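Engineer: Supplied structure: work.cif, mmCIF, C-alpha atoms and all ligand atoms.
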```cif
data_entry
loop_
_atom_site.label_atom_id
_atom_site.label_comp_id
_atom_site.auth_asym_id
_atom_site.auth_seq_id
_atom_site.Cartn_x
_atom_site.Cartn_y
_atom_site.Cartn_z
CA MET X 127 -211.71 -20.96 9.26
CA LYS X 128 -213.06 -22.71 6.17
CA GLU X 129 -213.60 -26.31 7.26
CA ALA X 130 -216.11 -27.77 9.73
CA LEU X 131 -214.23 -29.04 12.77
CA ALA X 132 -215.07 -31.75 15.29
CA ASN X 133 -213.76 -32.40 18.83
CA ALA X 134 -213.28 -29.35 21.05
CA ASN X 135 -210.46 -31.13 22.88
CA PHE X 136 -208.29 -31.52 19.76
CA PRO X 137 -210.04 -29.91 16.77
CA GLN X 138 -209.53 -31.60 13.38
CA ASP X 139 -211.53 -31.46 10.15
CA ALA X 140 -213.04 -34.45 8.34
CA ASP X 141 -209.72 -35.13 6.53
CA GLY X 142 -207.77 -34.99 9.81
CA ARG X 143 -206.34 -31.50 9.24
CA VAL X 144 -205.25 -29.92 12.53
CA TYR X 145 -206.82 -26.61 13.48
CA HIS X 146 -203.97 -24.06 13.39
CA ILE X 147 -201.27 -25.50 11.11
CA ASN X 148 -203.94 -26.89 8.77
CA VAL X 149 -202.03 -29.99 7.67
CA LYS X 150 -203.02 -33.67 7.69
CA GLN X 151 -201.20 -37.00 7.85
CA GLY X 152 -198.79 -37.29 4.91
CA GLU X 153 -198.06 -33.56 4.62
CA VAL X 154 -195.37 -33.30 7.34
CA ALA X 155 -192.28 -35.54 7.26
CA ASN X 156 -190.58 -37.24 10.25
CA ARG X 157 -187.65 -34.82 9.96
CA ILE X 158 -188.49 -31.16 10.57
CA LEU X 159 -186.46 -27.95 10.53
CA THR X 160 -188.42 -25.23 12.32
CA VAL X 161 -187.80 -21.47 12.32
CA GLY X 162 -189.72 -18.42 13.48
CA ASP X 163 -189.41 -16.35 10.34
CA HIS X 164 -191.15 -17.40 7.08
CA VAL X 165 -188.54 -15.52 5.01
CA ARG X 166 -185.82 -17.69 6.63
CA ALA X 167 -187.91 -20.81 5.89
CA ARG X 168 -188.25 -19.93 2.21
CA ALA X 169 -184.53 -19.09 1.93
CA ILE X 170 -183.56 -22.49 3.38
CA ALA X 171 -186.10 -24.26 1.14
CA ARG X 172 -183.89 -23.29 -1.81
CA TRP X 173 -181.60 -26.15 -0.71
CA LEU X 174 -184.36 -28.73 -1.24
CA ASP X 175 -184.19 -31.06 -4.22
CA SER X 176 -185.93 -29.74 -7.34
CA ASP X 177 -189.27 -31.31 -8.27
CA GLU X 178 -187.47 -33.29 -10.99
CA GLU X 179 -184.81 -34.59 -8.57
CA ALA X 180 -187.38 -35.40 -5.88
CA GLY X 181 -189.84 -37.07 -8.22
CA HIS X 182 -192.75 -35.03 -6.82
CA PRO X 183 -193.69 -31.35 -6.43
CA THR X 184 -192.65 -29.56 -3.23
CA PHE X 185 -195.67 -29.12 -0.95
CA ILE X 186 -196.08 -25.50 0.24
CA HIS X 187 -198.98 -24.46 2.46
CA THR X 188 -199.68 -21.38 4.61
CA SER X 189 -202.44 -21.78 7.19
CA GLN X 190 -204.90 -19.03 8.02
CA ARG X 191 -203.04 -18.66 11.34
CA GLY X 192 -199.75 -18.00 9.53
CA PHE X 193 -197.92 -21.36 9.89
CA LEU X 194 -195.90 -22.05 6.72
CA THR X 195 -195.27 -25.72 5.90
CA ILE X 196 -192.83 -26.68 3.12
CA THR X 197 -192.36 -30.41 2.56
CA GLY X 198 -189.97 -31.82 -0.01
CA ARG X 199 -186.78 -33.82 -0.14
CA TYR X 200 -183.16 -32.96 0.65
CA LYS X 201 -180.56 -35.32 -0.83
CA GLY X 202 -183.47 -37.64 -1.52
CA VAL X 203 -184.72 -37.72 2.11
CA PRO X 204 -188.22 -36.40 2.97
CA ILE X 205 -188.03 -33.24 5.06
CA THR X 206 -190.35 -30.48 6.28
CA ILE X 207 -189.41 -26.86 6.91
CA LEU X 208 -191.99 -25.20 9.14
CA ALA X 209 -192.16 -21.50 10.10
CA ILE X 210 -194.15 -21.01 13.28
CA GLY X 211 -193.86 -17.33 14.24
CA MET X 212 -192.80 -16.25 17.72
CA GLY X 213 -193.26 -17.34 21.33
CA SER X 214 -193.72 -20.53 23.33
CA PRO X 215 -197.46 -20.93 22.57
CA MET X 216 -196.51 -21.16 18.87
CA MET X 217 -194.03 -23.92 19.73
CA ASP X 218 -196.83 -25.68 21.62
CA PHE X 219 -199.21 -25.46 18.61
CA PHE X 220 -196.45 -26.68 16.34
CA ILE X 221 -195.29 -29.66 18.38
CA ARG X 222 -198.73 -30.93 19.42
CA GLU X 223 -200.32 -30.50 15.99
CA THR X 224 -197.44 -32.00 13.98
CA ARG X 225 -197.13 -34.85 16.50
CA ALA X 226 -200.82 -35.63 15.79
CA VAL X 227 -200.26 -35.99 12.02
CA VAL X 228 -196.83 -37.68 11.96
CA SER X 229 -196.41 -41.33 12.86
CA GLY X 230 -193.11 -42.67 14.19
CA THR X 231 -190.19 -40.78 15.68
CA MET X 232 -189.97 -37.07 14.90
CA ALA X 233 -186.56 -35.38 14.64
CA VAL X 234 -186.94 -31.63 15.12
CA ILE X 235 -184.21 -28.99 14.93
CA ARG X 236 -185.04 -25.37 15.58
CA PHE X 237 -182.91 -22.71 13.89
CA GLY X 238 -183.65 -19.37 15.55
CA SER X 239 -182.10 -16.02 16.34
CA CYS X 240 -181.11 -14.99 19.87
CA GLY X 241 -179.49 -12.47 22.14
CA SER X 242 -176.04 -13.44 23.47
CA TRP X 243 -175.34 -13.19 27.20
CA THR X 244 -171.66 -14.12 26.88
CA GLU X 245 -168.54 -12.63 25.37
CA ARG X 246 -167.68 -16.00 23.85
CA ALA X 247 -170.68 -15.66 21.47
CA LYS X 248 -170.37 -12.38 19.59
CA LEU X 249 -172.69 -11.10 16.84
CA GLY X 250 -172.73 -13.56 13.92
CA SER X 251 -171.89 -16.57 16.13
CA VAL X 252 -174.06 -19.64 16.20
CA ILE X 253 -174.90 -21.19 19.57
CA VAL X 254 -175.73 -24.88 19.92
CA PRO X 255 -177.07 -25.37 23.47
CA ARG X 256 -176.87 -28.72 25.26
CA ALA X 257 -180.04 -27.85 27.22
CA GLY X 258 -182.47 -25.03 27.92
CA PHE X 259 -184.65 -23.48 30.60
CA CYS X 260 -187.47 -20.92 30.74
CA ILE X 261 -188.04 -17.55 32.41
CA ARG X 262 -191.68 -16.71 32.99
CA ARG X 263 -193.13 -13.44 34.29
CA ASN X 264 -194.75 -14.25 37.64
CA LEU X 265 -198.20 -12.73 37.00
CA ASP X 266 -199.24 -13.06 40.63
CA TYR X 267 -196.42 -10.67 41.59
CA PHE X 268 -198.08 -8.01 39.38
CA SER X 269 -201.70 -8.97 40.10
CA ASP X 270 -204.25 -6.66 41.79
CA HIS X 271 -205.77 -9.66 43.57
CA PRO X 272 -203.23 -12.49 43.69
CA ILE X 273 -204.45 -16.04 44.21
CA TYR X 274 -201.22 -17.24 45.80
CA PRO X 275 -200.02 -14.56 48.27
CA GLU X 276 -196.70 -16.32 48.94
CA LEU X 277 -195.94 -16.56 45.22
CA ALA X 278 -197.01 -12.94 44.74
CA LYS X 279 -194.49 -11.76 47.32
CA SER X 280 -191.70 -14.07 46.18
CA THR X 281 -190.21 -12.94 42.84
CA PRO X 282 -191.28 -11.09 39.67
CA TYR X 283 -189.75 -13.79 37.39
CA LEU X 284 -189.79 -17.59 37.70
CA VAL X 285 -186.71 -19.43 36.44
CA SER X 286 -187.20 -23.11 35.57
CA GLY X 287 -184.85 -26.07 35.74
CA THR X 288 -183.25 -27.33 32.55
CA PHE X 289 -184.42 -29.63 29.74
CA ASP X 290 -181.82 -31.54 27.72
CA ALA X 291 -181.50 -31.50 23.95
CA ASP X 292 -180.97 -34.81 22.15
CA ALA X 293 -177.22 -35.32 22.72
CA GLU X 294 -176.46 -37.25 19.53
CA MET X 295 -178.28 -34.85 17.20
CA THR X 296 -176.73 -31.88 19.04
CA ASP X 297 -173.18 -33.24 18.56
CA GLN X 298 -173.84 -33.94 14.89
CA LEU X 299 -175.30 -30.44 14.42
CA ALA X 300 -172.35 -28.77 16.14
CA GLY X 301 -169.90 -30.74 13.95
CA ASN X 302 -171.73 -29.85 10.72
CA LEU X 303 -171.93 -26.18 11.73
CA LYS X 304 -168.23 -26.04 12.61
CA SER X 305 -167.20 -27.42 9.24
CA VAL X 306 -169.41 -24.94 7.31
CA LEU X 307 -168.80 -21.86 9.45
CA GLY X 308 -165.04 -22.42 9.87
CA LYS X 309 -164.58 -21.70 6.18
CA LEU X 310 -167.07 -18.80 6.16
CA GLN X 311 -165.36 -17.25 9.18
CA GLU X 312 -162.17 -16.86 7.13
CA GLU X 313 -163.99 -15.62 4.03
CA THR X 314 -165.92 -12.95 5.99
CA ASP X 315 -162.96 -11.78 8.11
CA GLY X 316 -164.65 -13.09 11.21
CA ALA X 317 -168.09 -11.47 10.67
CA VAL X 318 -169.62 -14.95 10.84
CA GLY X 319 -168.96 -17.57 13.57
CA PRO X 320 -167.67 -19.11 15.73
CA VAL X 321 -169.88 -22.02 16.79
CA VAL X 322 -170.37 -21.95 20.56
CA THR X 323 -171.35 -25.26 22.20
CA GLY X 324 -172.00 -26.86 25.59
CA GLY X 325 -174.00 -24.10 27.32
CA LEU X 326 -177.64 -23.32 28.04
CA ASN X 327 -180.34 -21.42 26.18
CA CYS X 328 -183.12 -19.65 28.04
CA ASP X 329 -186.59 -18.93 26.65
CA GLY X 330 -188.22 -15.75 27.84
CA CYS X 331 -192.02 -15.51 27.75
CA SER X 332 -191.39 -12.03 26.31
CA PHE X 333 -188.71 -10.53 24.06
CA TYR X 334 -188.66 -7.65 26.57
CA SER X 335 -189.29 -8.02 30.31
CA SER X 336 -188.38 -11.68 30.87
CA GLN X 337 -185.21 -11.32 28.78
CA GLY X 338 -184.09 -8.49 31.05
CA ARG X 339 -184.64 -5.59 28.64
CA GLN X 340 -185.22 -2.27 30.38
CA ASP X 341 -188.41 -0.45 29.35
CA PRO X 342 -189.25 2.69 31.36
CA ALA X 343 -192.77 2.70 29.83
CA PHE X 344 -193.72 -0.44 31.83
CA TRP X 345 -193.61 -1.76 35.40
CA ASP X 346 -191.31 -4.78 35.00
CA ASP X 347 -189.06 -5.01 38.10
CA ASN X 348 -186.35 -6.73 36.05
CA LYS X 349 -183.25 -4.59 36.66
CA ASP X 350 -181.34 -7.46 38.27
CA LEU X 351 -182.92 -10.29 36.30
CA ILE X 352 -179.95 -11.24 34.10
CA GLU X 353 -177.57 -11.16 37.06
CA HIS X 354 -179.97 -13.35 39.07
CA VAL X 355 -180.41 -15.85 36.21
CA MET X 356 -176.64 -16.09 35.72
CA LYS X 357 -176.32 -17.02 39.41
CA VAL X 358 -178.95 -19.77 39.03
CA HIS X 359 -177.66 -21.03 35.64
CA PRO X 360 -174.05 -19.79 35.21
CA GLU X 361 -173.67 -21.63 31.88
CA THR X 362 -176.35 -19.54 30.14
CA ASP X 363 -175.16 -18.40 26.70
CA CYS X 364 -178.27 -16.81 25.23
CA SER X 365 -181.95 -16.00 25.35
CA GLU X 366 -184.72 -16.37 22.79
CA MET X 367 -188.30 -17.63 22.95
CA GLU X 368 -188.98 -21.18 21.69
CA THR X 369 -186.06 -23.64 21.85
CA SER X 370 -186.29 -24.54 25.54
CA MET X 371 -190.02 -25.06 25.10
CA LEU X 372 -189.18 -27.46 22.25
CA PHE X 373 -186.87 -29.44 24.57
CA HIS X 374 -189.53 -29.43 27.29
CA LEU X 375 -192.31 -30.67 24.98
CA ALA X 376 -190.05 -33.30 23.39
CA LYS X 377 -189.47 -34.74 26.87
CA CYS X 378 -193.23 -34.69 27.58
CA SER X 379 -194.19 -36.51 24.35
CA VAL X 380 -194.97 -39.78 26.10
CA GLN X 381 -196.52 -41.88 23.32
CA GLN X 382 -194.17 -41.27 20.39
CA LYS X 383 -190.55 -40.14 20.48
CA ILE X 384 -189.41 -36.62 19.59
CA LYS X 385 -185.66 -36.01 19.21
CA ALA X 386 -185.00 -32.28 19.57
CA ALA X 387 -181.99 -30.02 19.06
CA GLY X 388 -181.48 -26.34 18.37
CA CYS X 389 -179.11 -23.71 17.14
CA MET X 390 -179.43 -19.96 17.16
CA GLN X 391 -177.61 -17.18 15.32
CA VAL X 392 -176.64 -14.26 17.54
CA PHE X 393 -178.64 -11.22 16.39
CA ALA X 394 -178.41 -9.15 19.61
CA ASP X 395 -175.28 -8.63 21.70
CA ARG X 396 -176.69 -8.20 25.21
CA VAL X 397 -173.21 -7.66 26.67
CA GLY X 398 -172.01 -4.92 24.33
CA ASN X 399 -175.50 -3.77 23.19
CA GLY X 400 -175.08 -4.23 19.41
CA PHE X 401 -177.25 -5.74 16.66
CA ILE X 402 -176.28 -7.88 13.66
CA ARG X 403 -175.98 -6.28 10.21
CA PRO X 404 -178.37 -7.55 7.48
CA GLU X 405 -175.52 -8.45 5.09
CA VAL X 406 -174.09 -10.83 7.72
CA VAL X 407 -177.49 -12.54 8.08
CA THR X 408 -177.60 -12.99 4.29
CA VAL X 409 -174.40 -15.04 4.47
CA LEU X 410 -175.12 -16.81 7.75
CA GLU X 411 -178.69 -18.05 7.33
CA PRO X 412 -178.34 -20.25 4.24
CA ALA X 413 -175.12 -21.78 5.59
CA VAL X 414 -176.66 -22.66 8.94
CA GLY X 415 -179.85 -23.87 7.24
CA LYS X 416 -177.82 -26.29 5.10
CA ALA X 417 -175.95 -27.62 8.15
CA VAL X 418 -179.29 -28.24 9.87
CA LEU X 419 -180.68 -30.07 6.83
CA ASP X 420 -177.51 -32.21 6.66
CA THR X 421 -177.93 -33.07 10.34
CA LEU X 422 -181.57 -34.03 9.93
CA VAL X 423 -180.98 -36.33 6.97
CA SER X 424 -178.21 -38.15 8.85
CA THR X 425 -180.43 -38.63 11.93
CA LYS X 426 -181.65 -42.19 12.32
CA ILE X 427 -185.44 -42.62 12.28
CA GLU X 428 -186.22 -46.32 12.74
CA ASP X 429 -189.98 -46.08 12.25
CA GLU X 430 -190.26 -43.60 9.38
CA MET X 431 -193.61 -43.14 7.58
CA ASP X 432 -194.38 -45.06 4.40
CA PRO X 433 -194.30 -42.56 1.49
CA VAL X 434 -197.37 -44.09 -0.18
CA GLY X 435 -200.17 -41.53 -0.11
CA THR X 436 -197.94 -38.74 1.24
CA VAL X 437 -196.95 -35.52 -0.53
CA TRP X 438 -193.41 -36.94 -0.86
CA GLU X 439 -194.49 -40.10 -2.68
CA CYS X 440 -192.50 -40.25 -5.95
CA VAL X 441 -195.06 -39.74 -8.67
CA ASN X 442 -192.46 -39.07 -11.38
CA LYS X 443 -189.26 -41.04 -11.87
CA PRO X 444 -186.49 -39.10 -10.02
CA SER X 445 -183.70 -37.86 -12.28
CA VAL X 446 -180.98 -38.73 -9.72
C1 LIG R 1 -187.85 -12.41 18.53
O1 LIG R 1 -187.27 -11.42 17.76
C2 LIG R 1 -187.90 -13.74 17.82
O2 LIG R 1 -186.60 -14.09 17.35
C3 LIG R 1 -186.18 -15.35 17.88
C4 LIG R 1 -187.01 -15.48 19.14
O3 LIG R 1 -187.02 -16.78 19.63
C5 LIG R 1 -188.33 -14.88 18.76
O4 LIG R 1 -189.14 -15.78 18.07
O5 LIG R 1 -186.30 -16.45 17.02
P1 LIG R 1 -186.75 -16.44 15.47
O6 LIG R 1 -185.77 -15.55 14.76
O7 LIG R 1 -186.68 -17.85 15.00
O8 LIG R 1 -188.17 -15.92 15.41
N1 LIG R 2 -184.57 -13.08 19.76
C1 LIG R 2 -184.84 -13.01 21.08
O1 LIG R 2 -185.82 -13.57 21.58
N2 LIG R 2 -184.03 -12.23 21.85
C2 LIG R 2 -183.00 -11.56 21.36
O2 LIG R 2 -182.32 -10.86 22.11
C3 LIG R 2 -182.74 -11.65 19.96
C4 LIG R 2 -183.55 -12.43 19.18
#
```
Written as structure tokens, how would this file's structure read?
Ligand code: R1P
Ligand code: URA
Structural biologist:
Amino acid sequence: MKEALANANFPQDADGRVYHINVKQGEVANRILTVGDHVRARAIARWLDSDEEAGHPTFIHTSQRGFLTITGRYKGVPITILAIGMGSPMMDFFIRETRAVVSGTMAVIRFGSCGSWTERAKLGSVIVPRAGFCIRRNLDYFSDHPIYPELAKSTPYLVSGTFDADAEMTDQLAGNLKSVLGKLQEETDGAVGPVVTGGLNCDGCSFYSSQGRQDPAFWDDNKDLIEHVMKVHPETDCSEMETSMLFHLAKCSVQQKIKAAGCMQVFADRVGNGFIRPEVVTVLEPAVGKAVLDTLVSTKIEDEMDPVGTVWECVNKPSV
């Protein structure tokens, strides 16, 4: 921590920089592509307009807490790519802190990796969920001195209801992905694709126990978890750790609108127990990243920020 901060409730420095992402108003655009992995973020950032095309340098900033913010333009439209790391608390930091420094509607698409729970989404597929839910370890079940005895006896894992993605952005994203991946599917002899739509994503609070992975080194009581979840939400396609939290927080943003959608590449086959090969990821990630950027720039934002004073203000005459 380098700057003096004020306000324990929502810490910001004298310039308005938020505590963990360390950005201020004018450094994050209304349209945001978010990922977990900073290598994925930098690979997708190669699609951004050059400094000459954009008319300003691309803004790149890594916070002390590891959030990577890249703000530039894509096809002339201001856009931010933000790598947040892993887990729902990181999604919470990201959404609350960006919401505090962006005015107007935010359009957020997460591009993650996931484990597939269905044969219709094999390794190399991309899933576009219509909604998501969460699975949380019920700590009282494992507690030495539970506060809520009934909850402690009830179940080791709590499964939530669902939160919808933005339907319009989701349809647009699915369409863009299908047109890009259809071609790649042929070129890669089916190693990439298809695009799987209409189902549910679930966020685990852990990569391990709450996604039903078996670990003899720990007391998890999760042998029947996947079967149980499939009974509660039979349309579940996959599990990962942040997208459902994004949908949940977008719904709970009560002062300013957040449109949220997500897509995830299948890295782990939880049905057949396989894992994606790195050379497939090399082909898949840039293609999906481009489809997400195309979706974001075609998303309508009625109350977009004025570029004056932002990092995307044209300071040089654009060459296009
Ligand atoms: C776990 O390996 C991580 O991968 C998934 C999960 O949501 C979790 O963050 O997404 P990312 O590849 O975007 O990090
Ligand atoms: N990310 C997850 O959270 N789970 C998986 O199975 C694969 C990637």
Engineer: Mind giving me the straight-line distance from CA of Ala180 (chain X) to CA of Pro204 (chain X) in Å, one decimal?
Structural biologist: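 Straight-line distance from CA of Ala180 (chain X) to CA of Pro204 (chain X) works out to 8.9 Å.
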Engineer: Find the distance between CA of Asn442 (chain X) and CA of Arg166 (chain X) and write it in Å to one decimal.
Structural biologist: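 Computing the Euclidean distance for CA of Asn442 (chain X) and CA of Arg166 (chain X) yields 28.7 Å.
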Engineer: May I have the residues within 10 Å of ligand LIG 2 (chain R), computed using all atoms listed in the file, as a ChimeraX atom specification?
Structural biologist: /X:162,212-213,238-243,328-334,336-339,364-368,390-396,399,401-402
Engineer: May I ask for the distance between CA of Asp315 (chain X) and CA of Thr408 (chain X), given in Å to one decimal place?
Structural biologist: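 Calculated distance between CA of Asp315 (chain X) and CA of Thr408 (chain X) is 15.2 Å.
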Engineer: Output as AutoDock Vina command-line options the centre and edge lengths (Å, one decimal) of the box along x, y and z of the file that holds every listed atom of ligand LIG 1 (chain R) after adding 3 Å on each side.
Structural biologist:
```
--center_x -187.5 --center_y -14.6 --center_z 17.2 --size_x 9.4 --size_y 12.4 --size_z 10.9
```
Engineer: With all atoms listed in the file as the atoms that count, which of X:Pro215, X:Gly181, X:Pro275, X:Gly398 lies nearest to ligand LIG 1 (chain R)?
Structural biologist: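 Ranking X:Pro215, X:Gly181, X:Pro275, X:Gly398 by distance to ligand LIG 1 (chain R), first place goes to X:Pro215.
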Engineer: Ranking X:Glu405, X:Asp290, X:Glu179, X:Asp163 by minimum distance to Thr369 (chain X) and counting all atoms listed in the file, which one comes first?
Structural biologist: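 The shortest atom-to-atom distance to Thr369 (chain X) comes from X:Asp290.
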Engineer: Pick the closest to ligand LIG 1 (chain R) from X:Pro320, X:Pro342, X:Gly211, X:Gly250: which is it, counting only C-alpha atoms and all ligand atoms?
Structural biologist: X:Gly211
Engineer: Counting all atoms listed in the file, which residues sit no farther than 9 Å from the position (-172.0, -26.5, 10.5) in the file's frame? I'd like them as a list in words.
Structural biologist: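 Output: Gln298, Leu299, Ala300, Gly301, Asn302, Leu303, Lys304, Ser305, Val306, Leu307, Gly308, Val321, Ala413, Val414, Gly415, Lys416, Ala417, Val418, Asp420 and Thr421 of chain X.
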Engineer: Determine the nearest neighbour of Thr425 (chain X) from the options X:Val397, X:Thr231, X:His374, X:Gly319, counting all atoms listed in the file.
Structural biologist: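 For Thr425 (chain X), the nearest of the given residues is X:Thr231.
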Engineer: Need the shell around Gln382 (chain X): protein/DNA/RNA residues with any atom at most 10 Å away, counting all atoms listed in the file. Skip same-chain ones fewer than 2 positions apart. Format as a ChimeraX atom specification?
Structural biologist: /X:225-226,228-232,376,378-380,384
Engineer: Using all atoms listed in the file, pick whichever of X:Trp345, X:Thr296, X:Arg168, X:Phe219 has the shortest atom-to-atom distance to Pro137 (chain X).
Structural biologist: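 Comparing X:Trp345, X:Thr296, X:Arg168, X:Phe219 against Pro137 (chain X), the winner is X:Phe219.
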Engineer: With a distance cut-off of 12 Å and only C-alpha atoms, select the neighbouring residues of region 283-288 of chain X, excluding the residue or stretch itself and same-chain residues fewer than 5 positions from it, and output the selection as a VMD selection string.
Structural biologist: chain X and resid 255 to 268 277 to 278 325 to 332 335 to 338 346 to 352 354 to 359 361 to 362 369 to 374 377
Engineer: Which residues are near Ile207 (chain X)? Cut-off 8 Å, all atoms listed in the file, ignore same chain within fewer than 6 positions. Put them as a VMD selection string.
Structural biologist: chain X and resid 158 to 161 167 171 195 to 197
Engineer: With distances taken over all atoms listed in the file, which of X:Thr244, X:Thr188, X:Asn148, X:Ser214 is nearest to ligand LIG 1 (chain R)?
Structural biologist: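 The answer is X:Ser214, which sits nearest to ligand LIG 1 (chain R).
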Engineer: Which residues, protein or nucleic acid, reach to within 12 Å of (-202.2, -35.6, 8.4) in the file's coordinates when using all atoms listed in the file, and can you give that as an MDAnalysis selection string?
Structural biologist: chainID X and resid 138:145 147:156 223:229 431 435:437
Engineer: Would you export the selected residues with C-alpha atoms as a PDB file, in the frame of the given file, please?
Structural biologist:
```pdb
ATOM      1  CA  GLN X 138    -209.530 -31.600  13.380  1.00  0.00           C
ATOM      2  CA  ASP X 139    -211.530 -31.460  10.150  1.00  0.00           C
ATOM      3  CA  ALA X 140    -213.040 -34.450   8.340  1.00  0.00           C
ATOM      4  CA  ASP X 141    -209.720 -35.130   6.530  1.00  0.00           C
ATOM      5  CA  GLY X 142    -207.770 -34.990   9.810  1.00  0.00           C
ATOM      6  CA  ARG X 143    -206.340 -31.500   9.240  1.00  0.00           C
ATOM      7  CA  VAL X 144    -205.250 -29.920  12.530  1.00  0.00           C
ATOM      8  CA  TYR X 145    -206.820 -26.610  13.480  1.00  0.00           C
ATOM      9  CA  ILE X 147    -201.270 -25.500  11.110  1.00  0.00           C
ATOM     10  CA  ASN X 148    -203.940 -26.890   8.770  1.00  0.00           C
ATOM     11  CA  VAL X 149    -202.030 -29.990   7.670  1.00  0.00           C
ATOM     12  CA  LYS X 150    -203.020 -33.670   7.690  1.00  0.00           C
ATOM     13  CA  GLN X 151    -201.200 -37.000   7.850  1.00  0.00           C
ATOM     14  CA  GLY X 152    -198.790 -37.290   4.910  1.00  0.00           C
ATOM     15  CA  GLU X 153    -198.060 -33.560   4.620  1.00  0.00           C
ATOM     16  CA  VAL X 154    -195.370 -33.300   7.340  1.00  0.00           C
ATOM     17  CA  ALA X 155    -192.280 -35.540   7.260  1.00  0.00           C
ATOM     18  CA  ASN X 156    -190.580 -37.240  10.250  1.00  0.00           C
ATOM     19  CA  GLU X 223    -200.320 -30.500  15.990  1.00  0.00           C
ATOM     20  CA  THR X 224    -197.440 -32.000  13.980  1.00  0.00           C
ATOM     21  CA  ARG X 225    -197.130 -34.850  16.500  1.00  0.00           C
ATOM     22  CA  ALA X 226    -200.820 -35.630  15.790  1.00  0.00           C
ATOM     23  CA  VAL X 227    -200.260 -35.990  12.020  1.00  0.00           C
ATOM     24  CA  VAL X 228    -196.830 -37.680  11.960  1.00  0.00           C
ATOM     25  CA  SER X 229    -196.410 -41.330  12.860  1.00  0.00           C
ATOM     26  CA  MET X 431    -193.610 -43.140   7.580  1.00  0.00           C
ATOM     27  CA  GLY X 435    -200.170 -41.530  -0.110  1.00  0.00           C
ATOM     28  CA  THR X 436    -197.940 -38.740   1.240  1.00  0.00           C
ATOM     29  CA  VAL X 437    -196.950 -35.520  -0.530  1.00  0.00           C
TER      30      VAL X 437
END
```
